[in-house]
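One structure is given below, encoded as structure tokens.
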Amino acid sequence: MNTVSALAGVVIKELYRRKDFYVLFFLTAVITLVMGSVSFFHDAKIVRYVKEIALLLIWVSALVIAIGTTARQIPAERESRTIFPLLAKPVTRWQVILGKFAGCWLACGLALIVFYLFFGVVSGSREHHWPLLNFCQALWLQWVMLGVVVAFVLLGSVVFAAPSSNATISFIVVLGILVLGRYLNQVALQQPEPLCAVIYGLYFLIPHLEWFDVRDLIIYDQHLVGWVDCGLATLYAVLYMAVFLVGAWLVFRRKPLNL
Amino acid sequence: MEPIIETKNLRVEFRAQNSGQAKKVAVKDLNLSIRAGEVFGFLGPNGAGKTTTMNVLLGFVNATSGAAFLFGVDVREPIARQRIGYLPELTYYYKFLTAEELLRFYARIFGIPRAEADRRIDHLLKLVELESARKRPIKTYSKGMQQRVGLAQALINNPDLLILDEPTSGLDPLGRMKVREIIQRLKNEGKTVFFSSHELGEVETVCDRVAIIHQGELKVEGRVADLIEKYQANLEKIFLNIIGYEPQLSA
């Protein structure tokens, strides 16, 4: 556990010492504040649009942080050769995978807290009410979803040598799932066999990240998702995290390091 | 007494890059035995199999056949690396960390208690003369300073065995002298040091025994003084002769 937490600590230090997070937070803050300060068509409900844009920016920024931070972890260790002194210590490759995952996931969680605090202050100052539980639930589900993304990108980082190709592919896959994932079953029905079976198989195979997107509940002040459903969604995500992490370990344990 | 490092008929083969080519044999049936307290020089030209042998000892590469042991434990077991320190050639440590943070990170991996880690970090930074730069990010360090912080991380667990892969590579004469002094000091403390180097003068000065490897095969092994007496030449000339270059010497 010491090893995993030590590795995670280095990843978190890296996040707050690099400029990526600050740039994304600054951009989100500026866009949200500018949008919030403008009164379009004297619409009293303009705050909904501001909330929608702010939450979209938070989702995009969180994905950029999660994918960008995770994609470079293991390739950077190999490129700078720090993987050698690390694995020369009583550290297993499984611990490296787990430490990197924990660090990236926790770093994403910290970034999300900062983003949601900002969002809470902005939306609360306009609406004068603070649906804290809704915010907490949305933050939790988004963080759990990011866990699946981080584990998936980590698997990509041991498969692809270049972090840029891994980040690009991961981005396309994650955005594809978020935008199209829910429609795959409908698409499958319109296809002839065997394409229908393939697309249906894909529908059941992919992690449905869109299930964790509860932005509308905040934007339209709807009721919370049931906590049991929330727990089941968490279990569903944990299962995918485990599958991707074991996959990453299986690839990494056979990966030669000296080439 | 049980050897600190032992290899038995160690053989490492790599798959050919192209399908038509034969397998590349990096190490051929290597037998080595290094005892406690020895400073052992592992020599050979580039591509001779030195780093591959070290990579097997450190568990980075699996042997095709044969076996390797550290402190009598198979190198494939992570616990075999609990009592070793390793300095790789030309490593660029986490540039966003300071030297102090880097050493604390490695100390945590070894599960060293905080108070003891603090004491060791102070001692090591003093030893490698990086006390004044301990709070500076590593990205601001010169090459020599990076190599010295690498040496400090290799010593954080107070290892009984140090494996150094070309520790003076890329260092200026002053840097080399400092690394040599540190190796000498470790030798005086009774540590076992296994290192590869192309600086044969330096090897001659600090090593008790050497092995010369060429094209994956062990060519010669013995005490430095015995080899010098046998070949009537310095280590550099012996090395050149063994790998097939001039000058020819009478054995």
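Every chain in the structure tokens takes a letter, A first, then B, and so on in the order presented; its residues are numbered from 1, and the ligands are numbered from 1 following the presented order.
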
Show me, as a VMD selection string, every residue of chain A with an atom at most 10 Å from chain B, counting only C-alpha atoms. chain A and resid 1 to 7 9 to 10 13 to 18 76 to 93 253 to 258

Just want the 12 Å neighbourhood of Leu154 of chain A, counted on only C-alpha atoms, with same-chain residues fewer than 3 positions away dropped. Output as a ChimeraX atom specification. /A:66-75,96-105,146-151,157-161,163,166-167,170,241-249,251-252

Need to verify the contact set: segment 9-25 of chain B, 9 Å, only C-alpha atoms, exclusion of same-chain residues closer than 4 positions in sequence. Can you return it as a VMD selection string? chain B and resid 29 to 32 49 52 to 53 56 61 to 68 215 to 216

Segment 229-240 of chain A environment, 12 Å, only C-alpha atoms, sequence neighbours closer than 5 positions dropped, as a CSV table (one decimal) with N, CA and C atoms, in the first residue's frame:
```
chain,number,residue,atom,x,y,z
A,134,ASN,N,-27.3,17.5,-4.9
A,134,ASN,CA,-27.3,17.3,-6.4
A,134,ASN,C,-25.9,17.5,-6.9
A,136,CYS,N,-23.1,17.1,-5.2
A,136,CYS,CA,-22.3,16.0,-4.7
A,136,CYS,C,-22.5,14.7,-5.5
A,137,GLN,N,-23.8,14.5,-5.9
A,137,GLN,CA,-24.1,13.3,-6.7
A,137,GLN,C,-23.5,13.4,-8.1
A,138,ALA,N,-23.7,14.6,-8.7
A,138,ALA,CA,-23.1,14.8,-10.0
A,138,ALA,C,-21.6,14.7,-10.0
A,139,LEU,N,-21.0,15.2,-9.0
A,139,LEU,CA,-19.5,15.1,-8.9
A,139,LEU,C,-19.1,13.7,-8.7
A,140,TRP,N,-19.8,13.0,-7.8
A,140,TRP,CA,-19.4,11.6,-7.5
A,140,TRP,C,-19.5,10.7,-8.8
A,141,LEU,N,-20.7,10.9,-9.5
A,141,LEU,CA,-20.9,10.1,-10.7
A,141,LEU,C,-19.9,10.4,-11.8
A,142,GLN,N,-19.6,11.7,-11.9
A,142,GLN,CA,-18.6,12.1,-12.9
A,142,GLN,C,-17.2,11.6,-12.6
A,143,TRP,N,-16.9,11.6,-11.3
A,143,TRP,CA,-15.6,11.1,-10.8
A,143,TRP,C,-15.5,9.6,-11.1
A,144,VAL,N,-16.5,8.9,-10.8
A,144,VAL,CA,-16.6,7.4,-11.0
A,144,VAL,C,-16.4,7.1,-12.5
A,145,MET,N,-17.1,7.9,-13.3
A,145,MET,CA,-16.9,7.8,-14.8
A,145,MET,C,-15.5,8.0,-15.2
A,146,LEU,N,-14.9,9.0,-14.6
A,146,LEU,CA,-13.5,9.3,-14.9
A,146,LEU,C,-12.5,8.2,-14.5
A,147,GLY,N,-12.9,7.4,-13.5
A,147,GLY,CA,-12.1,6.2,-13.1
A,147,GLY,C,-12.1,5.2,-14.3
A,148,VAL,N,-13.2,5.1,-14.9
A,148,VAL,CA,-13.2,4.1,-16.1
A,148,VAL,C,-12.4,4.7,-17.2
A,149,VAL,N,-12.5,6.0,-17.4
A,149,VAL,CA,-11.7,6.6,-18.5
A,149,VAL,C,-10.2,6.5,-18.2
A,150,VAL,N,-9.8,6.8,-16.9
A,150,VAL,CA,-8.4,6.7,-16.5
A,150,VAL,C,-7.9,5.3,-16.7
A,151,ALA,N,-8.6,4.3,-16.3
A,151,ALA,CA,-8.2,2.9,-16.4
A,151,ALA,C,-8.1,2.5,-17.9
A,152,PHE,N,-9.0,3.0,-18.7
A,152,PHE,CA,-8.9,2.7,-20.2
A,152,PHE,C,-7.7,3.3,-20.8
A,155,LEU,N,-4.5,1.5,-19.9
A,155,LEU,CA,-4.4,0.3,-20.8
A,155,LEU,C,-3.8,0.8,-22.1
A,205,LEU,N,-20.8,-4.5,-24.8
A,205,LEU,CA,-19.4,-4.6,-24.3
A,205,LEU,C,-18.9,-3.2,-23.8
A,206,ILE,N,-19.2,-2.2,-24.4
A,206,ILE,CA,-18.6,-0.9,-24.1
A,206,ILE,C,-19.1,-0.4,-22.7
A,207,PRO,N,-18.3,0.4,-22.0
A,207,PRO,CA,-18.8,1.0,-20.7
A,207,PRO,C,-19.7,2.1,-21.1
A,208,HIS,N,-20.9,2.1,-20.6
A,208,HIS,CA,-21.9,3.2,-21.0
A,208,HIS,C,-21.6,4.4,-20.1
A,209,LEU,N,-20.6,5.2,-20.5
A,209,LEU,CA,-20.2,6.4,-19.8
A,209,LEU,C,-21.3,7.4,-19.7
A,210,GLU,N,-22.2,7.4,-20.7
A,210,GLU,CA,-23.3,8.4,-20.7
A,210,GLU,C,-24.3,8.2,-19.5
A,211,TRP,N,-24.3,7.1,-18.9
A,211,TRP,CA,-25.2,6.8,-17.8
A,211,TRP,C,-24.8,7.7,-16.6
A,212,PHE,N,-23.5,8.1,-16.6
A,212,PHE,CA,-23.0,8.9,-15.4
A,212,PHE,C,-23.2,10.4,-15.6
A,213,ASP,N,-23.8,10.8,-16.7
A,213,ASP,CA,-23.9,12.2,-17.0
A,213,ASP,C,-25.3,12.7,-16.5
A,214,VAL,N,-25.3,13.3,-15.4
A,214,VAL,CA,-26.5,13.8,-14.8
A,214,VAL,C,-26.6,15.3,-14.7
A,224,LEU,N,-32.9,14.1,-7.2
A,224,LEU,CA,-31.7,13.3,-7.2
A,224,LEU,C,-32.0,11.9,-7.9
A,245,LEU,N,-7.7,-2.4,-15.8
A,245,LEU,CA,-6.5,-2.4,-15.0
A,245,LEU,C,-5.8,-3.8,-15.1
A,246,VAL,N,-6.6,-4.8,-15.1
A,246,VAL,CA,-6.0,-6.2,-15.2
A,246,VAL,C,-5.4,-6.3,-16.6
A,247,GLY,N,-6.2,-5.8,-17.6
A,247,GLY,CA,-5.7,-5.8,-19.0
A,247,GLY,C,-4.3,-5.1,-19.1
```

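Interatomic distance, atom CA of Pro45 of chain B to atom CA of Ile213 of chain B: 7.9 Å.
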
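Closest approach to Gly72 of chain B among B:Leu218, B:Ile4, B:Ile243, B:Val27 is made by B:Ile4 (distances from only C-alpha atoms).
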
Which polymer residues have any atom within 12 Å of an atom of Ile34 of chain B, counting only C-alpha atoms, with same-chain residues fewer than 3 positions away left out, as a ChimeraX atom specification? /B:1-7,31,37-42,68-72,161-163,191-195,208-211,221-223

Same residues, N, CA and C atoms, saved as an mmCIF file, in the first residue's frame:
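What landed in selection_0.cif:
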```
data_model
loop_
_atom_site.group_PDB
_atom_site.id
_atom_site.type_symbol
_atom_site.label_atom_id
_atom_site.label_comp_id
_atom_site.auth_asym_id
_atom_site.auth_seq_id
_atom_site.Cartn_x
_atom_site.Cartn_y
_atom_site.Cartn_z
ATOM 1 N N MET B 1 30.561 -19.032 2.387
ATOM 2 C CA MET B 1 29.660 -17.871 2.448
ATOM 3 C C MET B 1 28.871 -17.763 1.143
ATOM 4 N N GLU B 2 27.573 -17.487 1.282
ATOM 5 C CA GLU B 2 26.679 -17.402 0.118
ATOM 6 C C GLU B 2 27.046 -16.197 -0.753
ATOM 7 N N PRO B 3 27.140 -16.383 -2.078
ATOM 8 C CA PRO B 3 27.461 -15.222 -2.927
ATOM 9 C C PRO B 3 26.336 -14.184 -2.901
ATOM 10 N N ILE B 4 26.725 -12.926 -3.072
ATOM 11 C CA ILE B 4 25.722 -11.846 -3.101
ATOM 12 C C ILE B 4 25.027 -11.851 -4.469
ATOM 13 N N ILE B 5 25.843 -12.016 -5.520
ATOM 14 C CA ILE B 5 25.280 -12.158 -6.872
ATOM 15 C C ILE B 5 25.763 -13.489 -7.421
ATOM 16 N N GLU B 6 24.839 -14.202 -8.022
ATOM 17 C CA GLU B 6 25.243 -15.466 -8.641
ATOM 18 C C GLU B 6 24.433 -15.689 -9.914
ATOM 19 N N THR B 7 25.137 -16.005 -10.984
ATOM 20 C CA THR B 7 24.414 -16.408 -12.203
ATOM 21 C C THR B 7 24.892 -17.808 -12.574
ATOM 22 N N ASN B 31 28.409 -17.448 -16.120
ATOM 23 C CA ASN B 31 28.531 -17.891 -14.728
ATOM 24 C C ASN B 31 29.337 -16.852 -13.957
ATOM 25 N N GLY B 37 31.219 -7.640 0.090
ATOM 26 C CA GLY B 37 32.316 -6.703 0.314
ATOM 27 C C GLY B 37 33.197 -6.464 -0.883
ATOM 28 N N GLU B 38 32.900 -7.134 -1.999
ATOM 29 C CA GLU B 38 33.732 -6.957 -3.191
ATOM 30 C C GLU B 38 33.268 -5.755 -4.009
ATOM 31 N N VAL B 39 34.229 -5.112 -4.669
ATOM 32 C CA VAL B 39 33.880 -4.136 -5.709
ATOM 33 C C VAL B 39 34.229 -4.827 -7.020
ATOM 34 N N PHE B 40 33.204 -5.107 -7.790
ATOM 35 C CA PHE B 40 33.357 -5.941 -8.974
ATOM 36 C C PHE B 40 33.085 -5.113 -10.231
ATOM 37 N N GLY B 41 34.079 -5.067 -11.116
ATOM 38 C CA GLY B 41 33.931 -4.317 -12.367
ATOM 39 C C GLY B 41 33.458 -5.237 -13.478
ATOM 40 N N PHE B 42 32.418 -4.837 -14.168
ATOM 41 C CA PHE B 42 31.851 -5.660 -15.231
ATOM 42 C C PHE B 42 32.128 -4.905 -16.538
ATOM 43 N N ALA B 68 19.532 -16.645 -12.110
ATOM 44 C CA ALA B 68 20.296 -15.576 -11.461
ATOM 45 C C ALA B 68 19.727 -15.354 -10.063
ATOM 46 N N PHE B 69 20.623 -15.100 -9.136
ATOM 47 C CA PHE B 69 20.208 -14.945 -7.738
ATOM 48 C C PHE B 69 20.860 -13.712 -7.120
ATOM 49 N N LEU B 70 20.097 -13.017 -6.283
ATOM 50 C CA LEU B 70 20.646 -11.943 -5.455
ATOM 51 C C LEU B 70 20.430 -12.360 -4.011
ATOM 52 N N PHE B 71 21.475 -12.404 -3.239
ATOM 53 C CA PHE B 71 21.404 -12.858 -1.835
ATOM 54 C C PHE B 71 20.750 -14.247 -1.750
ATOM 55 N N GLY B 72 20.947 -15.040 -2.775
ATOM 56 C CA GLY B 72 20.394 -16.393 -2.766
ATOM 57 C C GLY B 72 18.926 -16.465 -3.175
ATOM 58 N N LEU B 161 24.031 -4.186 -1.461
ATOM 59 C CA LEU B 161 24.590 -4.361 -2.812
ATOM 60 C C LEU B 161 24.201 -3.170 -3.678
ATOM 61 N N LEU B 162 25.197 -2.620 -4.366
ATOM 62 C CA LEU B 162 24.933 -1.511 -5.292
ATOM 63 C C LEU B 162 25.237 -1.971 -6.705
ATOM 64 N N ILE B 163 24.289 -1.751 -7.595
ATOM 65 C CA ILE B 163 24.503 -2.078 -9.003
ATOM 66 C C ILE B 163 24.539 -0.751 -9.754
ATOM 67 N N LYS B 191 30.285 -2.509 1.736
ATOM 68 C CA LYS B 191 29.213 -2.774 0.770
ATOM 69 C C LYS B 191 29.774 -3.533 -0.437
ATOM 70 N N THR B 192 28.887 -4.263 -1.088
ATOM 71 C CA THR B 192 29.260 -4.938 -2.332
ATOM 72 C C THR B 192 28.845 -4.025 -3.478
ATOM 73 N N VAL B 193 29.761 -3.805 -4.411
ATOM 74 C CA VAL B 193 29.449 -2.918 -5.548
ATOM 75 C C VAL B 193 29.719 -3.683 -6.835
ATOM 76 N N PHE B 194 28.697 -3.688 -7.686
ATOM 77 C CA PHE B 194 28.811 -4.347 -8.995
ATOM 78 C C PHE B 194 28.593 -3.257 -10.024
ATOM 79 N N PHE B 195 29.643 -2.917 -10.776
ATOM 80 C CA PHE B 195 29.422 -1.821 -11.719
ATOM 81 C C PHE B 195 30.075 -2.024 -13.062
ATOM 82 N N ASP B 208 38.116 -4.731 -6.920
ATOM 83 C CA ASP B 208 38.875 -5.870 -6.412
ATOM 84 C C ASP B 208 39.004 -6.908 -7.525
ATOM 85 N N ARG B 209 37.878 -7.167 -8.178
ATOM 86 C CA ARG B 209 37.860 -8.162 -9.258
ATOM 87 C C ARG B 209 37.142 -7.601 -10.462
ATOM 88 N N VAL B 210 37.459 -8.127 -11.634
ATOM 89 C CA VAL B 210 36.763 -7.704 -12.851
ATOM 90 C C VAL B 210 36.377 -8.927 -13.685
ATOM 91 N N ALA B 211 35.378 -8.716 -14.531
ATOM 92 C CA ALA B 211 35.036 -9.720 -15.544
ATOM 93 C C ALA B 211 34.949 -8.967 -16.859
ATOM 94 N N GLU B 221 37.954 -13.468 -16.050
ATOM 95 C CA GLU B 221 37.462 -13.040 -14.742
ATOM 96 C C GLU B 221 38.591 -13.241 -13.741
ATOM 97 N N GLY B 222 38.783 -12.274 -12.891
ATOM 98 C CA GLY B 222 39.826 -12.460 -11.888
ATOM 99 C C GLY B 222 40.124 -11.196 -11.118
ATOM 100 N N ARG B 223 41.074 -11.317 -10.187
ATOM 101 C CA ARG B 223 41.488 -10.166 -9.396
ATOM 102 C C ARG B 223 42.280 -9.234 -10.291
#
```

Env of Ser142 of chain B: 12 Å cut, atoms = only C-alpha atoms, seq-sep filter 4 positions within chain, self excluded. Answer as a ChimeraX atom specification. /B:92-93,95,130,133,136-138,146-149,170-172,175

Residues from the last selection, N, CA and C atoms, saved as a CSV table (one decimal), in the first residue's frame:
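Okay, again-v2.csv is ready:
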```csv
chain,number,residue,atom,x,y,z
B,92,TYR,N,16.8,10.6,-16.3
B,92,TYR,CA,16.3,12.0,-16.0
B,92,TYR,C,15.1,11.8,-15.0
B,93,TYR,N,15.5,12.1,-13.7
B,93,TYR,CA,14.5,11.9,-12.7
B,93,TYR,C,13.3,12.9,-12.8
B,95,LYS,N,11.3,15.6,-13.1
B,95,LYS,CA,11.8,16.9,-13.1
B,95,LYS,C,11.0,17.9,-12.3
B,130,LEU,N,24.6,17.8,-2.5
B,130,LEU,CA,23.5,18.5,-3.1
B,130,LEU,C,22.6,19.2,-2.0
B,133,ALA,N,21.1,22.5,-2.9
B,133,ALA,CA,20.1,22.4,-4.0
B,133,ALA,C,18.9,21.5,-3.7
B,136,ARG,N,15.4,22.7,-4.7
B,136,ARG,CA,15.3,23.1,-6.1
B,136,ARG,C,14.7,22.0,-7.0
B,137,PRO,N,13.8,22.3,-7.9
B,137,PRO,CA,13.3,21.2,-8.8
B,137,PRO,C,14.4,20.6,-9.6
B,138,ILE,N,14.3,19.3,-9.8
B,138,ILE,CA,15.4,18.6,-10.5
B,138,ILE,C,15.6,19.1,-11.9
B,146,GLN,N,22.3,15.6,-11.6
B,146,GLN,CA,21.3,14.6,-11.8
B,146,GLN,C,21.9,13.2,-11.5
B,147,GLN,N,23.1,13.0,-11.9
B,147,GLN,CA,23.8,11.7,-11.7
B,147,GLN,C,24.0,11.5,-10.2
B,148,ARG,N,24.3,12.6,-9.5
B,148,ARG,CA,24.6,12.5,-8.0
B,148,ARG,C,23.2,12.3,-7.3
B,149,VAL,N,22.2,12.9,-7.8
B,149,VAL,CA,20.9,12.6,-7.1
B,149,VAL,C,20.5,11.2,-7.4
B,170,GLY,N,29.2,10.5,-18.9
B,170,GLY,CA,28.8,11.9,-19.1
B,170,GLY,C,29.2,12.9,-18.1
B,171,LEU,N,30.0,12.5,-17.1
B,171,LEU,CA,30.4,13.4,-16.0
B,171,LEU,C,31.7,14.1,-16.4
B,172,ASP,N,31.9,15.3,-15.8
B,172,ASP,CA,33.2,15.9,-16.0
B,172,ASP,C,34.2,15.3,-15.0
B,175,GLY,N,33.3,15.5,-11.4
B,175,GLY,CA,32.1,14.6,-11.1
B,175,GLY,C,32.6,13.2,-11.0
```

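What separates atom CA of Arg176 of chain B from atom CA of Ser197 of chain B is a distance of 11.4 Å.
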
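Between atom CA of Asn46 of chain B and atom CA of Lys219 of chain B the separation is 15.0 Å.
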
Excluding Leu127 of chain B and residues on its chain fewer than 3 positions from it, collect all residues at most 10 Å away from it, counting only C-alpha atoms, and give them as a compact mmCIF listing (two decimals) with C-alpha atoms, in the first residue's frame.
```
# COMPACT_ATOMS: atom_id res chain seq x y z
CA ILE B 121 17.98 12.16 3.22
CA ASP B 122 20.10 14.70 5.14
CA HIS B 123 23.05 12.31 5.18
CA LEU B 124 22.80 11.39 1.49
CA LEU B 130 23.47 18.52 -3.06
CA GLU B 131 22.49 20.04 0.27
CA ARG B 148 24.55 12.53 -8.05
CA LEU B 151 23.43 7.95 -6.64
CA ALA B 152 21.61 9.27 -3.57
CA LYS B 178 33.41 12.44 -6.64
CA ILE B 182 31.76 7.60 -3.02
```

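If only C-alpha atoms are the atoms counted, then among A:Ile58, A:Trp94, A:Tyr49, A:Ile218 the closest residue to Leu27 of chain A is A:Ile58.
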
Give the helix (DSSP H, G or I) residues of segment 3-251 of chain B, as assigned by DSSP on the backbone, as a compact mmCIF listing (two decimals) with C-alpha atoms, in the first residue's frame.
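For reference, selection-v6.txt as written:
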```
# COMPACT_ATOMS: atom_id res chain seq x y z
CA LYS B 50 26.62 -5.95 -19.72
CA THR B 51 23.38 -4.00 -19.46
CA THR B 52 21.34 -7.08 -20.43
CA THR B 53 22.98 -9.03 -17.59
CA MET B 54 22.20 -6.17 -15.20
CA ASN B 55 18.64 -6.07 -16.51
CA VAL B 56 18.24 -9.76 -15.70
CA LEU B 57 19.67 -9.23 -12.21
CA PRO B 78 10.60 -8.62 -6.05
CA ILE B 79 11.88 -9.24 -2.51
CA ALA B 80 15.32 -9.97 -4.03
CA ARG B 81 15.57 -6.22 -4.67
CA ALA B 99 15.89 16.16 -4.68
CA GLU B 100 14.42 15.94 -1.19
CA GLU B 101 10.97 14.94 -2.51
CA LEU B 102 12.50 12.37 -4.86
CA LEU B 103 14.41 10.72 -2.01
CA ARG B 104 11.32 10.81 0.23
CA PHE B 105 9.34 9.10 -2.54
CA TYR B 106 11.85 6.26 -2.80
CA ALA B 107 12.09 6.04 1.01
CA ARG B 108 8.31 5.54 1.15
CA ILE B 109 8.59 2.69 -1.35
CA ARG B 114 9.60 9.27 8.36
CA ALA B 115 12.16 10.18 11.05
CA GLU B 116 14.66 7.66 9.69
CA ALA B 117 13.97 8.84 6.13
CA ASP B 118 14.67 12.45 7.17
CA ARG B 119 17.96 11.40 8.71
CA ARG B 120 19.01 9.40 5.64
CA ILE B 121 17.98 12.16 3.22
CA ASP B 122 20.10 14.70 5.14
CA HIS B 123 23.05 12.31 5.18
CA LEU B 124 22.80 11.39 1.49
CA LEU B 125 22.35 14.93 0.24
CA LYS B 126 25.45 15.83 2.21
CA LEU B 127 27.31 12.82 0.78
CA GLU B 131 22.49 20.04 0.27
CA SER B 132 22.27 23.56 -1.09
CA ALA B 133 20.07 22.41 -4.00
CA ILE B 138 15.42 18.56 -10.51
CA LYS B 139 14.72 20.21 -13.89
CA THR B 140 17.13 22.97 -12.85
CA LYS B 143 23.84 16.54 -15.74
CA GLY B 144 26.37 15.92 -12.98
CA MET B 145 23.90 16.94 -10.29
CA GLN B 146 21.28 14.59 -11.78
CA GLN B 147 23.77 11.74 -11.69
CA ARG B 148 24.55 12.53 -8.05
CA VAL B 149 20.87 12.62 -7.08
CA GLY B 150 20.65 9.24 -8.85
CA LEU B 151 23.43 7.95 -6.64
CA ALA B 152 21.61 9.27 -3.57
CA GLN B 153 18.39 7.46 -4.54
CA ALA B 154 20.39 4.25 -5.02
CA LEU B 155 21.60 4.55 -1.42
CA PRO B 173 36.55 14.92 -14.33
CA LEU B 174 35.46 16.46 -11.03
CA GLY B 175 32.14 14.60 -11.13
CA ARG B 176 33.95 11.34 -11.91
CA MET B 177 36.32 11.86 -9.03
CA LYS B 178 33.41 12.44 -6.64
CA VAL B 179 31.60 9.29 -7.79
CA ARG B 180 34.85 7.33 -7.43
CA GLU B 181 35.28 8.68 -3.89
CA ILE B 182 31.76 7.60 -3.02
CA ILE B 183 32.35 4.08 -4.37
CA GLN B 184 35.58 3.93 -2.36
CA ARG B 185 33.74 5.04 0.76
CA LEU B 186 31.05 2.39 0.21
CA LYS B 187 33.75 -0.22 -0.23
CA ASN B 188 35.29 0.84 3.09
CA LEU B 200 39.23 1.37 -17.24
CA GLY B 201 41.64 3.50 -15.21
CA GLU B 202 38.88 4.07 -12.73
CA VAL B 203 38.00 0.36 -12.65
CA GLU B 204 41.65 -0.48 -12.00
CA THR B 205 41.69 1.96 -9.09
CA VAL B 206 38.55 0.89 -7.27
CA VAL B 224 42.76 -6.95 -10.97
CA ALA B 225 46.24 -7.42 -9.51
CA ASP B 226 46.42 -11.02 -10.77
CA LEU B 227 45.38 -10.03 -14.31
CA ILE B 228 47.91 -7.20 -14.43
CA GLU B 229 50.63 -9.59 -13.30
CA LYS B 230 49.55 -12.32 -15.72
CA TYR B 231 49.37 -10.09 -18.80
CA LEU B 235 43.74 -3.10 -17.58
CA GLU B 236 43.12 -1.06 -20.73
CA LYS B 237 45.65 -3.07 -22.73
CA ILE B 238 44.33 -6.33 -21.33
CA PHE B 239 40.80 -5.30 -22.27
CA LEU B 240 41.77 -4.37 -25.84
CA ASN B 241 43.65 -7.61 -26.26
CA ILE B 242 40.79 -9.74 -25.00
```
